[in-house]
>>> print(open('upload-v7.cif').read())   # mmCIF, C-alpha atoms
data_work
loop_
_atom_site.label_atom_id
_atom_site.label_comp_id
_atom_site.auth_asym_id
_atom_site.auth_seq_id
_atom_site.Cartn_x
_atom_site.Cartn_y
_atom_site.Cartn_z
CA MET A 1 -51.27 -66.64 16.46
CA SER A 2 -48.91 -63.97 17.82
CA TYR A 3 -48.92 -60.35 16.79
CA SER A 4 -45.79 -58.23 16.70
CA LYS A 5 -45.70 -54.94 18.57
CA ARG A 6 -46.41 -51.90 16.38
CA LYS A 7 -43.23 -50.11 15.44
CA ILE A 8 -42.56 -46.44 16.14
CA ARG A 9 -43.07 -44.57 12.86
CA VAL A 10 -40.41 -41.89 12.33
CA MET A 11 -40.08 -39.12 9.76
CA VAL A 12 -36.56 -37.70 9.26
CA VAL A 13 -36.37 -34.06 8.16
CA ASP A 14 -32.94 -32.75 7.15
CA ASP A 15 -31.61 -30.71 4.24
CA SER A 16 -28.44 -32.85 4.11
CA ALA A 17 -28.76 -35.80 1.72
CA VAL A 18 -26.09 -37.59 3.76
CA MET A 19 -28.13 -37.25 6.97
CA ARG A 20 -31.32 -38.35 5.21
CA LYS A 21 -29.50 -41.56 4.28
CA MET A 22 -27.46 -42.14 7.41
CA ILE A 23 -30.13 -41.53 10.06
CA PRO A 24 -32.53 -44.15 8.61
CA ARG A 25 -29.61 -46.59 8.44
CA LEU A 26 -28.91 -46.04 12.12
CA LEU A 27 -32.54 -46.51 13.01
CA GLU A 28 -33.18 -49.61 10.91
CA ASN A 29 -30.93 -51.58 13.26
CA ASP A 30 -33.59 -51.28 15.98
CA ASP A 31 -36.59 -53.57 15.51
CA GLU A 32 -38.93 -51.18 17.37
CA ILE A 33 -38.45 -48.29 14.91
CA GLU A 34 -39.22 -47.79 11.23
CA VAL A 35 -38.52 -44.71 9.13
CA VAL A 36 -41.67 -44.07 7.11
CA ALA A 37 -40.53 -40.91 5.28
CA THR A 38 -37.75 -38.38 4.83
CA ALA A 39 -38.02 -34.71 3.84
CA LEU A 40 -35.43 -32.15 2.86
CA ASP A 41 -37.10 -29.16 4.52
CA GLY A 42 -40.08 -28.05 6.57
CA ASP A 43 -42.35 -27.50 3.56
CA PHE A 44 -41.97 -31.08 2.38
CA ALA A 45 -42.29 -32.39 5.93
CA ILE A 46 -45.65 -30.73 6.51
CA MET A 47 -46.90 -31.95 3.11
CA LYS A 48 -45.99 -35.54 4.05
CA ILE A 49 -47.27 -35.64 7.64
CA GLU A 50 -50.91 -36.18 6.71
CA GLN A 51 -49.94 -38.98 4.34
CA VAL A 52 -47.49 -40.97 6.49
CA LYS A 53 -48.78 -40.12 10.01
CA PRO A 54 -45.47 -40.44 11.91
CA ASP A 55 -45.31 -41.02 15.67
CA VAL A 56 -42.10 -38.96 16.00
CA VAL A 57 -40.40 -36.38 13.77
CA THR A 58 -36.64 -35.73 13.86
CA LEU A 59 -36.18 -32.15 12.69
CA ASP A 60 -33.04 -30.32 11.68
CA ILE A 61 -32.96 -26.68 12.76
CA ASP A 62 -31.01 -25.08 9.91
CA MET A 63 -32.74 -25.74 6.55
CA PRO A 64 -33.57 -23.67 3.42
CA ARG A 65 -37.10 -22.53 2.53
CA MET A 66 -38.93 -23.49 5.74
CA ASP A 67 -36.45 -23.87 8.62
CA GLY A 68 -36.86 -26.19 11.57
CA ILE A 69 -38.21 -23.55 13.96
CA THR A 70 -40.99 -22.55 11.55
CA ALA A 71 -41.81 -26.19 10.76
CA LEU A 72 -41.90 -27.03 14.47
CA ARG A 73 -44.52 -24.34 15.09
CA HIS A 74 -46.80 -25.94 12.47
CA ILE A 75 -46.22 -29.52 13.61
CA VAL A 76 -46.88 -28.84 17.30
CA ALA A 77 -49.90 -26.59 16.70
CA GLU A 78 -51.59 -28.61 13.96
CA TYR A 79 -50.60 -32.22 14.65
CA ALA A 80 -49.32 -32.47 18.26
CA ILE A 81 -46.65 -34.94 17.14
CA PRO A 82 -43.55 -35.28 19.36
CA VAL A 83 -40.55 -33.60 17.72
CA LEU A 84 -36.88 -34.30 18.39
CA MET A 85 -34.62 -31.46 17.22
CA LEU A 86 -31.19 -32.05 15.65
CA SER A 87 -28.85 -29.23 16.64
CA SER A 88 -25.28 -28.14 16.03
CA LEU A 89 -23.03 -27.95 19.08
CA THR A 90 -22.58 -24.18 18.87
CA THR A 91 -23.71 -21.13 20.82
CA GLU A 92 -26.13 -20.23 18.01
CA GLY A 93 -27.32 -23.83 17.90
CA ALA A 94 -27.91 -23.77 21.66
CA ALA A 95 -30.00 -20.58 21.45
CA LEU A 96 -32.16 -21.95 18.63
CA THR A 97 -32.56 -25.28 20.42
CA LEU A 98 -33.81 -23.59 23.60
CA LYS A 99 -36.26 -21.64 21.47
CA ALA A 100 -37.45 -24.92 19.94
CA LEU A 101 -37.89 -26.51 23.37
CA GLN A 102 -39.88 -23.48 24.49
CA MET A 103 -42.11 -23.89 21.43
CA GLY A 104 -42.89 -27.52 22.27
CA ALA A 105 -40.09 -29.79 20.99
CA VAL A 106 -39.78 -32.79 23.29
CA ASP A 107 -35.99 -33.02 23.27
CA PHE A 108 -32.90 -32.53 21.12
CA ILE A 109 -29.73 -34.27 20.06
CA CYS A 110 -26.48 -32.70 18.89
CA LYS A 111 -25.24 -33.73 15.48
CA PRO A 112 -21.57 -34.76 15.26
CA ALA A 113 -19.11 -32.34 13.71
CA SER A 114 -18.55 -34.62 10.70
CA ALA A 115 -20.66 -37.22 8.87
CA ASP A 116 -18.14 -40.00 9.47
CA ARG A 117 -18.89 -39.77 13.21
CA ILE A 118 -22.65 -40.08 12.91
CA GLY A 119 -22.58 -43.59 14.36
CA GLU A 120 -21.64 -42.06 17.72
CA MET A 121 -25.14 -40.64 18.11
CA ALA A 122 -26.98 -43.89 17.32
CA ALA A 123 -27.68 -45.09 20.86
CA GLU A 124 -28.78 -41.65 22.09
CA LEU A 125 -30.94 -41.05 19.02
CA ILE A 126 -32.73 -44.41 19.35
CA ALA A 127 -33.31 -43.93 23.09
CA LYS A 128 -34.67 -40.41 22.62
CA ILE A 129 -36.98 -41.46 19.76
CA LYS A 130 -38.45 -44.19 21.98
CA ALA A 131 -38.86 -41.73 24.85
CA ALA A 132 -40.41 -39.14 22.53
CA ALA A 133 -42.95 -41.71 21.31
CA ARG A 134 -44.12 -42.13 24.93
CA SER A 135 -44.00 -38.43 25.74
CA GLN A 136 -46.65 -35.77 26.13
CA VAL A 137 -46.52 -32.78 23.79
CA VAL A 138 -46.22 -29.69 25.98
CA GLU A 139 -49.14 -27.25 26.22
CA LEU A 140 -47.46 -23.88 25.72
CA SER A 141 -50.33 -21.97 27.32
CA HIS A 142 -49.90 -24.10 30.45
CA LEU A 143 -46.16 -23.49 30.66
CA GLU A 144 -46.43 -19.76 30.15
CA SER A 145 -49.26 -19.29 32.64
CA GLY A 146 -48.85 -17.93 36.14
CA ASP A 147 -46.89 -15.11 37.72
CA SER A 148 -43.35 -14.31 36.72
CA THR A 149 -41.25 -11.57 38.29
CA ALA A 150 -38.24 -10.71 36.17
CA LYS A 151 -35.35 -8.68 37.47
CA ALA A 152 -35.55 -4.93 37.51
CA ASN A 153 -32.57 -3.13 35.96
CA GLY A 154 -30.75 -6.40 35.33
CA SER A 155 -30.19 -7.63 38.89
CA TRP A 156 -31.81 -8.47 42.20
CA PRO A 157 -30.00 -8.54 45.51
CA VAL A 158 -28.75 -11.88 46.81
CA ALA A 159 -28.92 -12.69 50.52
CA ARG A 160 -25.75 -12.20 52.53
CA GLY A 161 -24.34 -15.36 54.04
CA GLY A 162 -25.39 -18.96 53.65
CA SER A 163 -28.40 -21.02 54.54
CA ARG A 164 -28.90 -24.14 56.60
CA LYS A 165 -31.12 -25.56 53.85
CA ILE A 166 -30.69 -26.49 50.22
CA VAL A 167 -32.96 -27.36 47.30
CA ALA A 168 -31.46 -29.73 44.72
CA ILE A 169 -33.21 -30.35 41.39
CA GLY A 170 -32.52 -32.96 38.73
CA ALA A 171 -34.10 -32.99 35.25
CA SER A 172 -33.57 -34.24 31.71
CA SER A 173 -35.94 -34.34 28.71
CA GLY A 174 -38.61 -31.67 29.18
CA GLY A 175 -36.60 -30.09 31.97
CA PRO A 176 -35.83 -26.70 30.39
CA ASN A 177 -39.53 -25.87 30.07
CA ALA A 178 -40.31 -27.29 33.51
CA LEU A 179 -37.58 -25.08 34.99
CA ARG A 180 -38.87 -22.14 32.95
CA PHE A 181 -42.25 -22.64 34.59
CA LEU A 182 -40.96 -23.28 38.13
CA LEU A 183 -38.07 -20.91 38.79
CA PRO A 184 -39.82 -17.58 38.02
CA LYS A 185 -42.34 -18.46 40.73
CA ILE A 186 -39.68 -18.81 43.43
CA PRO A 187 -38.96 -15.61 45.40
CA CYS A 188 -35.41 -14.44 45.99
CA ASP A 189 -35.93 -14.76 49.76
CA LEU A 190 -36.66 -18.49 49.68
CA GLY A 191 -34.81 -19.86 52.70
CA ALA A 192 -32.43 -22.04 50.71
CA GLY A 193 -29.91 -21.95 47.92
CA ILE A 194 -30.80 -23.93 44.80
CA VAL A 195 -28.57 -26.29 42.80
CA ILE A 196 -29.66 -27.89 39.54
CA VAL A 197 -28.51 -30.63 37.20
CA GLN A 198 -30.16 -30.49 33.78
CA HIS A 199 -28.85 -32.99 31.23
CA MET A 200 -27.43 -30.80 28.47
CA PRO A 201 -24.13 -30.46 26.62
CA GLU A 202 -21.54 -27.75 27.16
CA LYS A 203 -22.63 -24.31 25.82
CA PHE A 204 -26.27 -25.34 26.21
CA THR A 205 -26.21 -25.10 30.03
CA GLU A 206 -24.67 -21.63 29.91
CA MET A 207 -27.37 -20.53 27.48
CA LEU A 208 -30.05 -22.17 29.65
CA ALA A 209 -28.83 -20.25 32.71
CA ARG A 210 -29.01 -16.93 30.83
CA TRP A 211 -32.44 -17.82 29.43
CA LEU A 212 -33.76 -18.48 32.93
CA ASP A 213 -31.94 -15.59 34.60
CA ASP A 214 -33.72 -13.13 32.30
CA ILE A 215 -37.15 -14.16 33.59
CA CYS A 216 -36.47 -14.96 37.26
CA GLU A 217 -36.35 -12.96 40.45
CA LEU A 218 -33.60 -15.36 41.47
CA GLU A 219 -30.10 -14.98 40.16
CA VAL A 220 -29.60 -17.97 37.86
CA ARG A 221 -26.17 -18.81 36.50
CA GLU A 222 -23.98 -21.68 35.39
CA ALA A 223 -22.07 -22.94 38.43
CA ARG A 224 -18.39 -22.18 38.85
CA ASP A 225 -16.10 -23.93 41.27
CA GLY A 226 -16.27 -22.11 44.61
CA ASP A 227 -19.57 -20.30 44.00
CA LEU A 228 -21.44 -19.67 47.25
CA ILE A 229 -24.75 -21.51 47.64
CA ILE A 230 -27.04 -18.89 49.14
CA PRO A 231 -30.70 -17.84 49.14
CA GLY A 232 -31.57 -15.86 46.04
CA ARG A 233 -29.26 -17.83 43.77
CA ALA A 234 -29.77 -20.91 41.59
CA LEU A 235 -26.69 -22.66 40.19
CA ILE A 236 -26.90 -24.92 37.13
CA ALA A 237 -24.28 -27.62 36.58
CA PRO A 238 -22.08 -26.99 33.51
CA GLY A 239 -22.70 -29.40 30.67
CA HIS A 240 -19.14 -30.73 30.80
CA ALA A 241 -18.79 -31.38 34.56
CA HIS A 242 -20.38 -32.83 37.68
CA LEU A 243 -21.78 -30.49 40.34
CA LYS A 244 -21.34 -31.25 44.05
CA VAL A 245 -21.85 -29.20 47.20
CA LYS A 246 -19.49 -28.71 50.13
CA ARG A 247 -20.13 -27.00 53.44
CA THR A 248 -17.21 -24.95 54.77
CA PRO A 249 -16.72 -22.64 57.79
CA HIS A 250 -17.39 -19.73 55.40
CA GLY A 251 -20.56 -21.17 53.91
CA ALA A 252 -21.61 -23.82 51.42
CA VAL A 253 -19.90 -23.77 48.03
CA ALA A 254 -20.26 -25.46 44.67
CA GLU A 255 -17.66 -27.96 43.55
CA VAL A 256 -17.41 -28.36 39.78
CA GLU A 257 -15.51 -31.48 38.78
CA ARG A 258 -14.75 -32.72 35.29
CA ARG A 259 -14.41 -36.49 35.68
CA GLU A 260 -15.87 -39.56 34.01
CA PRO A 261 -19.62 -39.76 33.29
CA VAL A 262 -21.67 -41.58 35.93
CA SER A 263 -24.15 -44.04 34.43
CA GLY A 264 -23.57 -42.31 31.10
CA HIS A 265 -24.21 -38.80 32.41
CA MET A 266 -22.06 -35.75 33.05
CA PRO A 267 -23.41 -33.81 34.83
CA SER A 268 -25.11 -36.53 36.85
CA VAL A 269 -28.13 -36.01 39.09
CA ASP A 270 -26.97 -38.91 41.28
CA VAL A 271 -23.63 -37.19 41.92
CA LEU A 272 -25.36 -33.98 42.99
CA PHE A 273 -27.96 -35.68 45.19
CA ARG A 274 -25.36 -37.85 46.94
CA SER A 275 -23.27 -34.83 47.88
CA VAL A 276 -26.39 -32.99 49.06
CA ALA A 277 -27.33 -35.97 51.25
CA ALA A 278 -23.84 -36.12 52.75
CA GLU A 279 -23.50 -32.38 53.39
CA TYR A 280 -27.05 -31.32 54.31
CA GLY A 281 -28.86 -34.43 55.57
CA ALA A 282 -32.27 -33.51 56.97
CA ASN A 283 -31.88 -29.90 55.78
CA ALA A 284 -32.12 -30.92 52.11
CA VAL A 285 -35.04 -30.99 49.69
CA ALA A 286 -34.37 -33.03 46.54
CA ILE A 287 -36.69 -32.79 43.53
CA ILE A 288 -36.62 -35.14 40.56
CA MET A 289 -38.35 -33.77 37.50
CA THR A 290 -39.26 -34.78 33.97
CA GLY A 291 -36.70 -36.82 32.04
CA MET A 292 -35.84 -40.13 30.42
CA GLY A 293 -33.86 -42.83 32.19
CA SER A 294 -33.18 -43.30 35.88
CA ASP A 295 -30.45 -40.79 36.78
CA GLY A 296 -31.15 -39.42 40.25
CA ALA A 297 -33.12 -42.39 41.58
CA ALA A 298 -30.19 -43.77 43.57
CA GLY A 299 -29.05 -40.36 44.79
CA ILE A 300 -32.48 -39.23 45.91
CA GLY A 301 -32.70 -42.43 47.94
CA GLU A 302 -29.60 -41.30 49.83
CA VAL A 303 -31.24 -37.93 50.53
CA GLN A 304 -34.28 -39.74 51.92
CA ARG A 305 -32.17 -42.02 54.13
CA ALA A 306 -30.29 -38.95 55.43
CA GLY A 307 -33.61 -37.47 56.58
CA GLY A 308 -34.13 -34.99 53.74
CA MET A 309 -37.41 -34.39 51.91
CA THR A 310 -37.74 -36.08 48.52
CA VAL A 311 -40.15 -34.88 45.84
CA ALA A 312 -41.11 -36.10 42.35
CA GLN A 313 -42.93 -34.21 39.63
CA ASP A 314 -46.22 -35.95 38.85
CA LYS A 315 -46.77 -37.95 35.67
CA GLU A 316 -49.43 -35.65 34.23
CA SER A 317 -47.13 -32.60 34.15
CA CYS A 318 -44.00 -34.46 32.96
CA THR A 319 -43.03 -34.51 29.32
CA ILE A 320 -41.31 -37.84 30.02
CA PHE A 321 -41.99 -39.62 33.31
CA GLY A 322 -38.90 -41.87 33.28
CA MET A 323 -36.75 -40.29 36.01
CA PRO A 324 -39.59 -39.61 38.47
CA ARG A 325 -41.02 -43.08 37.86
CA ALA A 326 -37.66 -44.74 38.58
CA ALA A 327 -37.38 -42.92 41.91
CA ILE A 328 -41.02 -43.63 42.84
CA ASP A 329 -40.67 -47.32 41.96
CA ARG A 330 -37.69 -47.57 44.34
CA GLY A 331 -39.77 -46.14 47.18
CA CYS A 332 -37.52 -43.08 47.45
CA ILE A 333 -40.15 -40.34 47.13
CA ASP A 334 -41.96 -38.69 50.04
CA LYS A 335 -44.24 -36.44 47.98
CA ILE A 336 -45.49 -36.36 44.37
CA VAL A 337 -46.32 -32.80 43.27
CA PRO A 338 -47.76 -31.37 40.01
CA LEU A 339 -45.52 -28.82 38.35
CA VAL A 340 -48.15 -26.11 38.78
CA ASP A 341 -47.99 -26.58 42.59
CA MET A 342 -44.22 -27.08 42.93
CA ALA A 343 -43.25 -23.49 43.77
CA SER A 344 -45.90 -23.04 46.47
CA TYR A 345 -44.97 -26.44 47.92
CA LEU A 346 -41.31 -25.41 48.09
CA ILE A 347 -42.11 -22.08 49.73
CA SER A 348 -44.29 -23.74 52.37
CA THR A 349 -41.73 -26.51 53.00
CA VAL A 350 -38.52 -24.48 53.03
CA GLY A 351 -39.83 -21.13 54.26
CA ARG A 352 -38.40 -17.67 53.68
CA SER A 353 -34.89 -16.46 54.50
CA VAL A 354 -34.61 -15.00 58.00
CA ASN A 355 -31.58 -12.93 56.95
CA LYS A 356 -32.96 -9.72 55.45
CA GLU A 357 -29.55 -8.12 54.81
CA VAL A 358 -28.62 -8.05 51.16
CA MET A 359 -25.61 -7.45 49.01
CA SER A 360 -25.87 -4.72 46.44
CA ASP A 361 -23.67 -6.65 44.03
CA ALA A 362 -25.35 -9.91 43.08
CA GLY A 363 -22.43 -10.86 40.90
CA SER A 364 -19.91 -11.33 43.72
CA ASN A 365 -18.87 -14.85 44.68
#
>>> encode(input="upload-v7.cif", output="structure tokens")
Amino acid sequence: MSYSKRKIRVMVVDDSAVMRKMIPRLLENDDEIEVVATALDGDFAIMKIEQVKPDVVTLDIDMPRMDGITALRHIVAEYAIPVLMLSSLTTEGAALTLKALQMGAVDFICKPASADRIGEMAAELIAKIKAAARSQVVELSHLESGDSTAKANGSWPVARGGSRKIVAIGASSGGPNALRFLLPKIPCDLGAGIVIVQHMPEKFTEMLARWLDDICELEVREARDGDLIIPGRALIAPGHAHLKVKRTPHGAVAEVERREPVSGHMPSVDVLFRSVAAEYGANAVAIIMTGMGSDGAAGIGEVQRAGGMTVAQDKESCTIFGMPRAAIDRGCIDKIVPLVDMASYLISTVGRSVNKEVMSDAGSN
């Protein structure tokens, strides 16, 4: 006698009656998922959790009575159930989504502008529900622990001139909180510029950069075409474009290119890592962090073959181990490092900047 695999039990929480009908219809087409309940706001969701015991909750942010942020706080603290936020593709939606991720939501998905386009989110929603069901709910006390040196008076100096070394980071689901833990621990005189791809839509990456810049000694900003890659600065790929690096006689610069998605992603970690391998070779450190899928596994292999150092975040500190696992399984990783040790590992590997001159204006190119 054969036994079928247990389905992932999902509760859908949304104040829109249309969404409460349409999302279950999208999900019922996958034989690994079943919707066990719907709720029109956070109050009803919390009342139903004990009864239906879902594996994953999809949670709208903007709802009457108890909104999604308040409901999330209860669900994470009291039940430790993975939560996938549904957000609007707006600046306000981006800010609230980052707050939700900081509070322990596993990931998010942007709702389409109109109900007749809801089918466009089906594949992403199903994939993220499956990833959430395998995820670890983040311990907030762990993420907020450790030293953090924010900027004084709004800015810190950025090193003059370029660096022979570069640190490239790729992340997806769970990445915003991992970056929030890592980047404040990196000093502004680390001997390398930092470039980052975090899978996020447009508007969200700009908000992420501001969110991180407020708490870091580094200058953190969304990359613009032609930005210098220098110690003291971390550049995050815009959500609507690929990020590459290019070394020039005047220093290394960011190249921001809006082209086709690569393996379904724009920005793509593979695109960044391949350019880093080509331009920096043995002077590169590539880090693949928490996230679903396999983006970055091929690119980090090119960094390794070029003589660069390749690093993966360890399983225990990842929200979702998909991207690091894919790179490890390909034999492309030189070192597996827990998130809590990542900053000290980087400092010891890369070293400090030998150029002590600084610019007074951190906002110049």
>>> atom_distance(input="upload-v7.cif", atom1="atom CA of Ala277 of chain A", atom2="atom CA of Ser263 of chain A")
18.9 Å
>>> closest_residue(input="upload-v7.cif", among="A:Leu179, A:Ala39, A:Val262, A:Met66", to="Arg20 of chain A", atoms="all atoms listed in the file")
A:Ala39
>>> closest_residue(input="upload-v7.cif", among="A:Glu32, A:Asp270, A:Glu302, A:Asp15", to="Gly170 of chain A", atoms="only C-alpha atoms")
A:Asp270
>>> atom_distance(input="upload-v7.cif", atom1="atom CA of Val276 of chain A", atom2="atom CA of Gly299 of chain A")
8.9 Å
>>> atom_distance(input="upload-v7.cif", atom1="atom CA of Leu339 of chain A", atom2="atom CA of Ile169 of chain A")
12.8 Å
>>> closest_residue(input="upload-v7.cif", among="A:Phe204, A:Phe321, A:Phe273, A:Tyr280", to="Phe108 of chain A", atoms="all atoms listed in the file")
A:Phe204
>>> residues_around(input="upload-v7.cif", residues="Val83 of chain A", least_positions_apart="6", cutoff="7 Å", atoms="only C-alpha atoms", output="list of chain:residue names")
A:Val56, A:Val57, A:Thr58, A:Leu59, A:Ala105, A:Val106
>>> residues_near_point(input="upload-v7.cif", point="(-49.8, -35.7, 16.9)", cutoff="9 Å", atoms="all atoms listed in the file", output="tab-separated table (two decimals) with C-alpha atoms, keeping the file's coordinate frame")
chain	number	residue	atom	x	y	z
A	53	LYS	CA	-48.78	-40.12	10.01
A	54	PRO	CA	-45.47	-40.44	11.91
A	55	ASP	CA	-45.31	-41.02	15.67
A	56	VAL	CA	-42.10	-38.96	16.00
A	75	ILE	CA	-46.22	-29.52	13.61
A	76	VAL	CA	-46.88	-28.84	17.30
A	78	GLU	CA	-51.59	-28.61	13.96
A	79	TYR	CA	-50.60	-32.22	14.65
A	80	ALA	CA	-49.32	-32.47	18.26
A	81	ILE	CA	-46.65	-34.94	17.14
A	82	PRO	CA	-43.55	-35.28	19.36
A	137	VAL	CA	-46.52	-32.78	23.79
>>> resolve_selection(input="upload-v7.cif", expression="the PyMOL selection byres ((chain A and resi 52) around 9)", output="VMD selection string")
chain A and resid 9 11 36 to 37 48 to 51 53 to 54
>>> residues_around(input="upload-v7.cif", residues="Ile129 of chain A", least_positions_apart="2", cutoff="9 Å", atoms="all atoms listed in the file", output="list in words")
Ile8, Val10, Ile33, Val56, Val57, Thr58, Val83, Leu84, Glu124, Leu125, Ile126, Ala127, Ala131, Ala132, Ala133 and Arg134 of chain A
>>> residues_around(input="upload-v7.cif", residues="Glu120 of chain A", least_positions_apart="4", cutoff="12 Å", atoms="only C-alpha atoms", output="list in words")
Met22, Ile23, Leu26, Ile109, Cys110, Lys111, Pro112, Ala113, Ser114, Ala115, Asp116, Glu124, Leu125 and Ile126 of chain A
>>> resolve_selection(input="upload-v7.cif", expression="the PyMOL selection byres ((chain A and resi 267-269) around 10)", output="ChimeraX atom specification")
/A:168-172,196-202,236-244,256-266,270-274,288,294-300
>>> residues_around(input="upload-v7.cif", residues="Glu219 of chain A", least_positions_apart="5", cutoff="7 Å", atoms="all atoms listed in the file", output="list in words")
Asp213, Gly232, Arg233 and Ala234 of chain A
>>> residues_around(input="upload-v7.cif", residues="Met103 of chain A", least_positions_apart="2", cutoff="9 Å", atoms="only C-alpha atoms", output="list in words")
Ile69, Leu72, Arg73, Val76, Leu98, Lys99, Ala100, Leu101, Ala105, Val138 and Leu140 of chain A
>>> decode(input="upload-v7.cif", residues="segment 325-337 of chain A", atoms="N, CA and C atoms", output="short mmCIF file (atom, residue, chain, number, x, y, z; two decimals), in the first residue's frame")
data_model
loop_
_atom_site.label_atom_id
_atom_site.label_comp_id
_atom_site.auth_asym_id
_atom_site.auth_seq_id
_atom_site.Cartn_x
_atom_site.Cartn_y
_atom_site.Cartn_z
N ARG A 325 22.81 25.80 -0.95
CA ARG A 325 22.87 24.36 -1.22
C ARG A 325 23.22 24.06 -2.68
N ALA A 326 22.61 24.82 -3.60
CA ALA A 326 22.87 24.60 -5.02
C ALA A 326 24.35 24.82 -5.34
N ALA A 327 24.94 25.87 -4.75
CA ALA A 327 26.36 26.14 -5.00
C ALA A 327 27.25 25.08 -4.35
N ILE A 328 26.90 24.67 -3.14
CA ILE A 328 27.68 23.64 -2.44
C ILE A 328 27.61 22.32 -3.21
N ASP A 329 26.42 21.95 -3.67
CA ASP A 329 26.25 20.68 -4.39
C ASP A 329 27.05 20.64 -5.68
N ARG A 330 27.31 21.81 -6.27
CA ARG A 330 28.13 21.86 -7.50
C ARG A 330 29.63 21.86 -7.20
N GLY A 331 29.99 21.87 -5.93
CA GLY A 331 31.40 21.88 -5.57
C GLY A 331 32.06 23.23 -5.77
N CYS A 332 31.27 24.31 -5.70
CA CYS A 332 31.78 25.65 -6.03
C CYS A 332 32.14 26.48 -4.80
N ILE A 333 32.05 25.90 -3.61
CA ILE A 333 32.22 26.68 -2.38
C ILE A 333 33.50 26.27 -1.65
N ASP A 334 34.32 27.28 -1.33
CA ASP A 334 35.56 27.03 -0.59
C ASP A 334 35.34 27.00 0.92
N LYS A 335 34.37 27.77 1.40
CA LYS A 335 34.18 27.91 2.85
C LYS A 335 32.70 28.10 3.16
N ILE A 336 32.19 27.35 4.15
CA ILE A 336 30.82 27.53 4.64
C ILE A 336 30.90 28.23 5.99
N VAL A 337 30.19 29.35 6.13
CA VAL A 337 30.36 30.21 7.31
C VAL A 337 28.99 30.55 7.89
#
